[in-house]
Amino acid sequence: MTNNLRFIFLFLFIYRLLVAFSADTFIFPDETWQSLEVGHRIAYGYGYLTWEWRDKLREWAHPLIFAILYKFNSLIGLENSLLLLSPCVAMAFISALIDYYTFVFIKKYYGDDLAVWGLFCVTSSWITFSGTSKALSNSIETAFSAMAYAFWPWSSGLILLYKSDQKTLILKKIVLVGILAFLAMLILDRIGYGEWSIPLLNFYKFNFKENLAVWFGESSVFYHLIVTIPVLFTTMLPFTIYGVFVELRKYKRTPQSNNQHYLSSFFVVEPAIVVLGSLIIYSLAGHKEYRFLFPILPIGFMYTAIGLNSLYGPLLSENSKKSLNPKKASKSQIKSGPKKFQKFFELILSFNNKKSAVLFIVITNFSAGIFTNTFHKRGVIKVMDYIRINAQADLIKDVGFIMPCHSTPFYSHVHKKIPMWFLSCEPPKTSSNIDSHYFEAQDFNDNPEDFIIKNLVPLNSKLVTRKKSIDSDTLIEFYIPVLKQKIDRLSYSVEDINLAELYKNSKKLRFAPSHLILYDSMKPRIEKILNKYGYTECARFFNTIWESDERRKGDVLVFCYEQ
């Protein structure tokens with residue numbers, strides 16, 4: 001790495017630190033539940049393991065990164081101070097790697113001018129603000145993908161392999177590296193699970209053989225085409241598509257008489273084929289999320305850079321390459337493209353100078369990035385800050401989250417051994433059990449008042465006894481209510497006897513906690529019963545100005561038990 005490249009990486013790391021430290025929202029459940037929460041359990045001996053870990057669908061390498069960070073924090077005596085900061089630093093580093101290797105990738109194949117445009121795209125993109133900056137496995141995948149794009153020989157590799165007289169040696173090395181990587185993952189998973197397991201096979205069985213991923217929502221086969229791609233590239237997308245057309249024209253004009261030259265020129269469309277292949281493969285699964293395709297971002301930014309440079313010339317030059325007067329310059333460029341896309345090209349060329357295009361991209365992406373990073377779903381983070389501060393001051397004994405599952409982070413943001421529970425939403429074990437499978441979160445949402453009556457036991461209830469138990473999901477000690485075997489009808493009221501029958505049929509009986517967390521949209525449905533149980537609203541946190549899910553609308557509320 002030259003001095004200039006070191007300076008670029010340092011600048012990117014500082015920039016990503018600022019982005020990470022400004023983040024105050026919770027967008028993806030997996031950004032904590034499959035990373036920080038698991039790392040917290042490894043490092044400190046408690047934390048929630050979701051069903052994916054019990055069913056051995058997850059790899060341990062990703063959360064191990066955060067476990068090492070937490071252990072380091074403990075060694076230097078700053079585990080509380082750095083609880084939330086150290087993961088931010090780690091993800092800032094990962095994000096900087098994505099930025100840097102996107103730049104290196106484009107620079108290697110297209111030179112400095114396009115690399116600068118590519119750096120502009122990756123650093124101004126809203127998705128790198130609030131997507132790849134999160135502690136997701138998809139973010140790690142994107143960083144490694146960007147590195148792979150930069151070092152992968154692409155079509156030239158096929159030429160070298162074809163001309164090489166050491167094909168056998170090269171193939172042996174490829175196989176050796178693949179085996180070593182597989183063994184490393186196998187050993188890590190053996191340590192994590194305590195037995196030999198291949199999560200990839202379990203993942204295939206769950207997602208494709210049983211098709212159980214649809215439990216979390218099933219999307220159209222065209223979801224990634226009509227939702228993911230526009231979400232990932234937003235206002236850059238017209239320039240991205242234009243860049244692809246520019247490269248397609250270049251490839252079509254390459255003479256096919258020279259096979260080697262024709263094969264090497266295949267690179268201009270090869271990355272687009274990688275993206276297309278990814279779209280097709282990921283579209284086969286029923287459950288789809290746009291974050292699954294984060295790894296195609298560097299390629300998309302490359303084509304965006306090509307489109308922008310083709311239209312406006314180098315980013316850092318004083319004047320645009322073309323003074324895009326729609327009456328003049330646009331005509332030749334529109335005619336060079338397919339007729340059915342002429343209106344699309346007219347839209348692109350409506351930005352008749354570089355400055356307007358740059359401002360358009362920056363303003364739209366930064367607005368979306370700032371909104372999602374600092375305002376959208378901030379209440380679910382603030383309520384965890386409230387719980388952490390009060391729990392560490394011994395003002396909170398236990399917490400129940402009566403909201404859709406995984407709405408908030410968990411022990412990774414509290415770092416205190418207090419009993420906490422939430423409404424579960426685990427999928428069934430097999431597809432044949434989908435219709436009969438018990439869905440606790442849905443049971444609560446269907447009739448929340450009835451759910452509270454039959455599942456939450458007041459601390460002073462005479463119908464139950466207290467029993468200590470270690471929760472296997474969290475490794476936290478709980479007191480669980482155990483219904484008395486004999487209820488003397490002469491000693492109890494009719495109301496108590498009826499209540500005992502409800503407790504007997506409860507799927508998961510719990511003691512009413514000292515604090516309950518819920519969304520404002522649920523308050524009108526259960527405030528009366530909560531007041532009857534002795535709860536009153538004691539804190540409220542703004543969450544977002546817009547939410548499509550009716551269950552998650554409004555502020556995040558805290559109800560405290562008043563003795």
# chains A, B, ... in the order shown; residues from 1 in each chain; ligands from 1
>>> residues_around(residues="segment 274-281 of chain A", least_positions_apart="4", cutoff="12 Å", atoms="only C-alpha atoms", output="count of residues only")
35
>>> closest_atom_pairs(of="segment 359-440 of chain A", to="segment 50-71 of chain A", cutoff="12 Å", atoms="only C-alpha atoms", output="Markdown table")
| residue | atom | partner | partner_atom | distance |
| --- | --- | --- | --- | --- |
| A:Cys405 | CA | A:Thr50 | CA | 10.9 |
| A:His406 | CA | A:Thr50 | CA | 9.9 |
| A:Phe410 | CA | A:Thr50 | CA | 11.4 |
| A:Ser412 | CA | A:Tyr70 | CA | 10.0 |
| A:His415 | CA | A:Tyr70 | CA | 10.9 |
| A:Phe422 | CA | A:Thr50 | CA | 11.6 |
| A:Ser424 | CA | A:Thr50 | CA | 9.6 |
| A:Cys425 | CA | A:Trp51 | CA | 9.5 |
| A:Glu426 | CA | A:Trp51 | CA | 6.5 |
| A:Pro427 | CA | A:Trp51 | CA | 8.3 |
| A:Pro428 | CA | A:Trp51 | CA | 10.2 |
| A:Lys429 | CA | A:Asp55 | CA | 9.0 |
| A:Thr430 | CA | A:Asp55 | CA | 12.0 |
>>> atom_distance(atom1="atom CA of Asp473 of chain A", atom2="atom CA of Glu218 of chain A")
27.2 Å
>>> residues_around(residues="segment 507-523 of chain A", least_positions_apart="6", cutoff="8 Å", atoms="only C-alpha atoms", output="MDAnalysis selection string")
chainID A and resid 396:403 454:459 479:481 550:561
>>> write_last_selection(atoms="C-alpha atoms", output="PDB file, in the first residue's frame")
ATOM      1  CA  ILE A 396     -34.962  -2.532  37.370  1.00  0.00           C
ATOM      2  CA  LYS A 397     -35.435  -6.142  38.493  1.00  0.00           C
ATOM      3  CA  ASP A 398     -36.724  -7.775  35.311  1.00  0.00           C
ATOM      4  CA  VAL A 399     -38.147  -6.753  31.938  1.00  0.00           C
ATOM      5  CA  GLY A 400     -40.760  -8.109  29.546  1.00  0.00           C
ATOM      6  CA  PHE A 401     -40.994  -6.957  25.919  1.00  0.00           C
ATOM      7  CA  ILE A 402     -44.622  -7.275  24.788  1.00  0.00           C
ATOM      8  CA  MET A 403     -43.973  -6.204  21.218  1.00  0.00           C
ATOM      9  CA  LYS A 454     -53.599 -16.185  31.309  1.00  0.00           C
ATOM     10  CA  ASN A 455     -49.806 -15.867  31.014  1.00  0.00           C
ATOM     11  CA  LEU A 456     -48.622 -13.166  33.450  1.00  0.00           C
ATOM     12  CA  VAL A 457     -48.865 -14.085  37.118  1.00  0.00           C
ATOM     13  CA  PRO A 458     -48.890 -11.260  39.708  1.00  0.00           C
ATOM     14  CA  LEU A 459     -46.033 -11.535  42.203  1.00  0.00           C
ATOM     15  CA  TYR A 479     -37.969 -17.383  39.023  1.00  0.00           C
ATOM     16  CA  ILE A 480     -40.757 -19.254  37.289  1.00  0.00           C
ATOM     17  CA  PRO A 481     -44.308 -19.663  38.641  1.00  0.00           C
ATOM     18  CA  GLU A 550     -49.292  -1.416  12.423  1.00  0.00           C
ATOM     19  CA  ARG A 551     -47.906  -3.337  15.413  1.00  0.00           C
ATOM     20  CA  ARG A 552     -44.819  -1.097  15.619  1.00  0.00           C
ATOM     21  CA  LYS A 553     -46.407   2.328  15.221  1.00  0.00           C
ATOM     22  CA  GLY A 554     -45.924   5.158  17.687  1.00  0.00           C
ATOM     23  CA  ASP A 555     -43.470   5.782  20.505  1.00  0.00           C
ATOM     24  CA  VAL A 556     -41.817   3.095  22.599  1.00  0.00           C
ATOM     25  CA  LEU A 557     -43.375   3.015  26.078  1.00  0.00           C
ATOM     26  CA  VAL A 558     -42.183   1.741  29.446  1.00  0.00           C
ATOM     27  CA  PHE A 559     -44.770   0.610  32.003  1.00  0.00           C
ATOM     28  CA  CYS A 560     -43.479   0.297  35.567  1.00  0.00           C
ATOM     29  CA  TYR A 561     -44.962  -1.852  38.301  1.00  0.00           C
TER      30      TYR A 561
END
>>> residues_around(residues="segment 7-19 of chain A", least_positions_apart="2", cutoff="7 Å", atoms="only C-alpha atoms", output="count of residues only")
13
>>> closest_residue(among="A:Ser310, A:Ser219, A:Ser197, A:Thr304", to="Phe239 of chain A", atoms="only C-alpha atoms")
A:Thr304
>>> atom_distance(atom1="atom CA of Thr536 of chain A", atom2="atom CA of Lys417 of chain A")
24.5 Å
>>> residues_around(residues="Lys416 of chain A", least_positions_apart="2", cutoff="9 Å", atoms="only C-alpha atoms", output="VMD selection string")
chain A and resid 388 391 to 392 411 413 to 414 418
>>> closest_residue(among="A:Phe478, A:Phe28, A:Phe451, A:Phe439", to="Asn138 of chain A", atoms="only C-alpha atoms")
A:Phe28
>>> select_by_dssp(residues="segment 26-173 of chain A", states="alpha helix (DSSP H)", output="ChimeraX atom specification")
/A:30-33,36-44,51-54,61-75,85-110,112-124,126-130,137-151,154-163,167-173
>>> closest_residue(among="A:Leu82, A:Cys121, A:Leu114, A:Leu49", to="Asp30 of chain A", atoms="only C-alpha atoms")
A:Leu49
>>> residues_around(residues="Asn373 of chain A", least_positions_apart="2", cutoff="9 Å", atoms="only C-alpha atoms", output="list in words")
Val19, Ala20, Ser22, Ala23, Asp24, Thr25, Phe26, Ile27, Phe129, Ser130, Ala368, Gly369, Ile370, Phe371, Phe375, His376, Lys377 and Arg378 of chain A
>>> select_by_dssp(residues="segment 419-466 of chain A", states="strand (DSSP E or B)", output="list of chain:residue names")
A:Met420, A:Trp421, A:Phe422, A:Leu456, A:Val457, A:Val464, A:Thr465, A:Arg466
>>> write_last_selection(atoms="N, CA and C atoms", output="PDB file, in the first residue's frame")
ATOM      1  N   MET A 420     -34.804 -11.102  31.467  1.00  0.00           N
ATOM      2  CA  MET A 420     -35.528 -10.387  30.408  1.00  0.00           C
ATOM      3  C   MET A 420     -36.138 -11.429  29.478  1.00  0.00           C
ATOM      4  N   TRP A 421     -37.314 -11.135  28.982  1.00  0.00           N
ATOM      5  CA  TRP A 421     -37.958 -12.030  28.036  1.00  0.00           C
ATOM      6  C   TRP A 421     -38.720 -11.227  26.990  1.00  0.00           C
ATOM      7  N   PHE A 422     -38.994 -11.871  25.873  1.00  0.00           N
ATOM      8  CA  PHE A 422     -39.779 -11.245  24.803  1.00  0.00           C
ATOM      9  C   PHE A 422     -40.715 -12.299  24.222  1.00  0.00           C
ATOM     10  N   LEU A 456     -49.405 -13.948  32.488  1.00  0.00           N
ATOM     11  CA  LEU A 456     -48.622 -13.166  33.450  1.00  0.00           C
ATOM     12  C   LEU A 456     -49.217 -13.311  34.848  1.00  0.00           C
ATOM     13  N   VAL A 457     -48.414 -13.824  35.749  1.00  0.00           N
ATOM     14  CA  VAL A 457     -48.865 -14.085  37.118  1.00  0.00           C
ATOM     15  C   VAL A 457     -48.397 -12.960  38.034  1.00  0.00           C
ATOM     16  N   VAL A 464     -49.694 -19.900  42.912  1.00  0.00           N
ATOM     17  CA  VAL A 464     -48.441 -20.480  42.429  1.00  0.00           C
ATOM     18  C   VAL A 464     -47.367 -20.426  43.512  1.00  0.00           C
ATOM     19  N   THR A 465     -46.321 -21.222  43.288  1.00  0.00           N
ATOM     20  CA  THR A 465     -45.109 -21.140  44.099  1.00  0.00           C
ATOM     21  C   THR A 465     -43.966 -20.690  43.193  1.00  0.00           C
ATOM     22  N   ARG A 466     -42.875 -20.227  43.791  1.00  0.00           N
ATOM     23  CA  ARG A 466     -41.725 -19.744  43.027  1.00  0.00           C
ATOM     24  C   ARG A 466     -40.666 -20.837  42.936  1.00  0.00           C
TER      25      ARG A 466
END
>>> closest_residue(among="A:Thr168, A:Thr234, A:Thr372, A:Ser367", to="Gly131 of chain A", atoms="only C-alpha atoms")
A:Thr372
>>> closest_residue(among="A:Ser407, A:Asn73, A:Ser124, A:Ser155", to="Phe360 of chain A", atoms="only C-alpha atoms")
A:Ser124
>>> atom_distance(atom1="atom CA of Leu502 of chain A", atom2="atom CA of Thr474 of chain A")
27.0 Å
>>> closest_residue(among="A:Cys88, A:Ile361, A:Leu423, A:Ile487", to="Leu136 of chain A", atoms="only C-alpha atoms")
A:Cys88
>>> decode(residues="segment 501-539 of chain A", atoms="C-alpha atoms", output="PDB file, in the first residue's frame")
ATOM      1  CA  GLU A 501     -57.624 -23.118  35.019  1.00  0.00           C
ATOM      2  CA  LEU A 502     -56.246 -20.483  32.656  1.00  0.00           C
ATOM      3  CA  TYR A 503     -52.762 -20.845  34.141  1.00  0.00           C
ATOM      4  CA  LYS A 504     -52.993 -24.606  33.706  1.00  0.00           C
ATOM      5  CA  ASN A 505     -53.509 -24.160  29.950  1.00  0.00           C
ATOM      6  CA  SER A 506     -50.850 -21.478  29.533  1.00  0.00           C
ATOM      7  CA  LYS A 507     -48.129 -22.162  26.960  1.00  0.00           C
ATOM      8  CA  LYS A 508     -45.502 -20.169  28.894  1.00  0.00           C
ATOM      9  CA  LEU A 509     -46.381 -18.975  32.388  1.00  0.00           C
ATOM     10  CA  ARG A 510     -44.304 -16.041  33.662  1.00  0.00           C
ATOM     11  CA  PHE A 511     -44.248 -13.741  36.668  1.00  0.00           C
ATOM     12  CA  ALA A 512     -45.257 -10.171  35.830  1.00  0.00           C
ATOM     13  CA  PRO A 513     -41.944  -8.240  35.573  1.00  0.00           C
ATOM     14  CA  SER A 514     -41.051  -4.919  37.158  1.00  0.00           C
ATOM     15  CA  HIS A 515     -41.055  -3.244  33.712  1.00  0.00           C
ATOM     16  CA  LEU A 516     -42.956  -3.884  30.488  1.00  0.00           C
ATOM     17  CA  ILE A 517     -41.924  -2.458  27.097  1.00  0.00           C
ATOM     18  CA  LEU A 518     -44.480  -1.916  24.327  1.00  0.00           C
ATOM     19  CA  TYR A 519     -45.337   0.240  21.328  1.00  0.00           C
ATOM     20  CA  ASP A 520     -47.789   3.106  21.656  1.00  0.00           C
ATOM     21  CA  SER A 521     -50.115   1.419  19.140  1.00  0.00           C
ATOM     22  CA  MET A 522     -50.711  -1.372  21.688  1.00  0.00           C
ATOM     23  CA  LYS A 523     -51.472   0.946  24.618  1.00  0.00           C
ATOM     24  CA  PRO A 524     -55.236   1.465  23.974  1.00  0.00           C
ATOM     25  CA  ARG A 525     -55.744  -2.296  23.854  1.00  0.00           C
ATOM     26  CA  ILE A 526     -54.061  -3.198  27.158  1.00  0.00           C
ATOM     27  CA  GLU A 527     -53.751  -0.080  29.325  1.00  0.00           C
ATOM     28  CA  LYS A 528     -56.804  -1.030  31.385  1.00  0.00           C
ATOM     29  CA  ILE A 529     -55.525  -4.509  32.266  1.00  0.00           C
ATOM     30  CA  LEU A 530     -52.016  -3.187  32.919  1.00  0.00           C
ATOM     31  CA  ASN A 531     -53.412  -0.627  35.366  1.00  0.00           C
ATOM     32  CA  LYS A 532     -55.320  -3.439  37.071  1.00  0.00           C
ATOM     33  CA  TYR A 533     -52.049  -5.343  37.453  1.00  0.00           C
ATOM     34  CA  GLY A 534     -50.450  -2.267  39.031  1.00  0.00           C
ATOM     35  CA  TYR A 535     -48.577  -0.874  36.008  1.00  0.00           C
ATOM     36  CA  THR A 536     -48.435   2.777  34.957  1.00  0.00           C
ATOM     37  CA  GLU A 537     -46.606   4.464  32.111  1.00  0.00           C
ATOM     38  CA  CYS A 538     -43.277   5.766  33.422  1.00  0.00           C
ATOM     39  CA  ALA A 539     -41.236   6.558  30.294  1.00  0.00           C
TER      40      ALA A 539
END
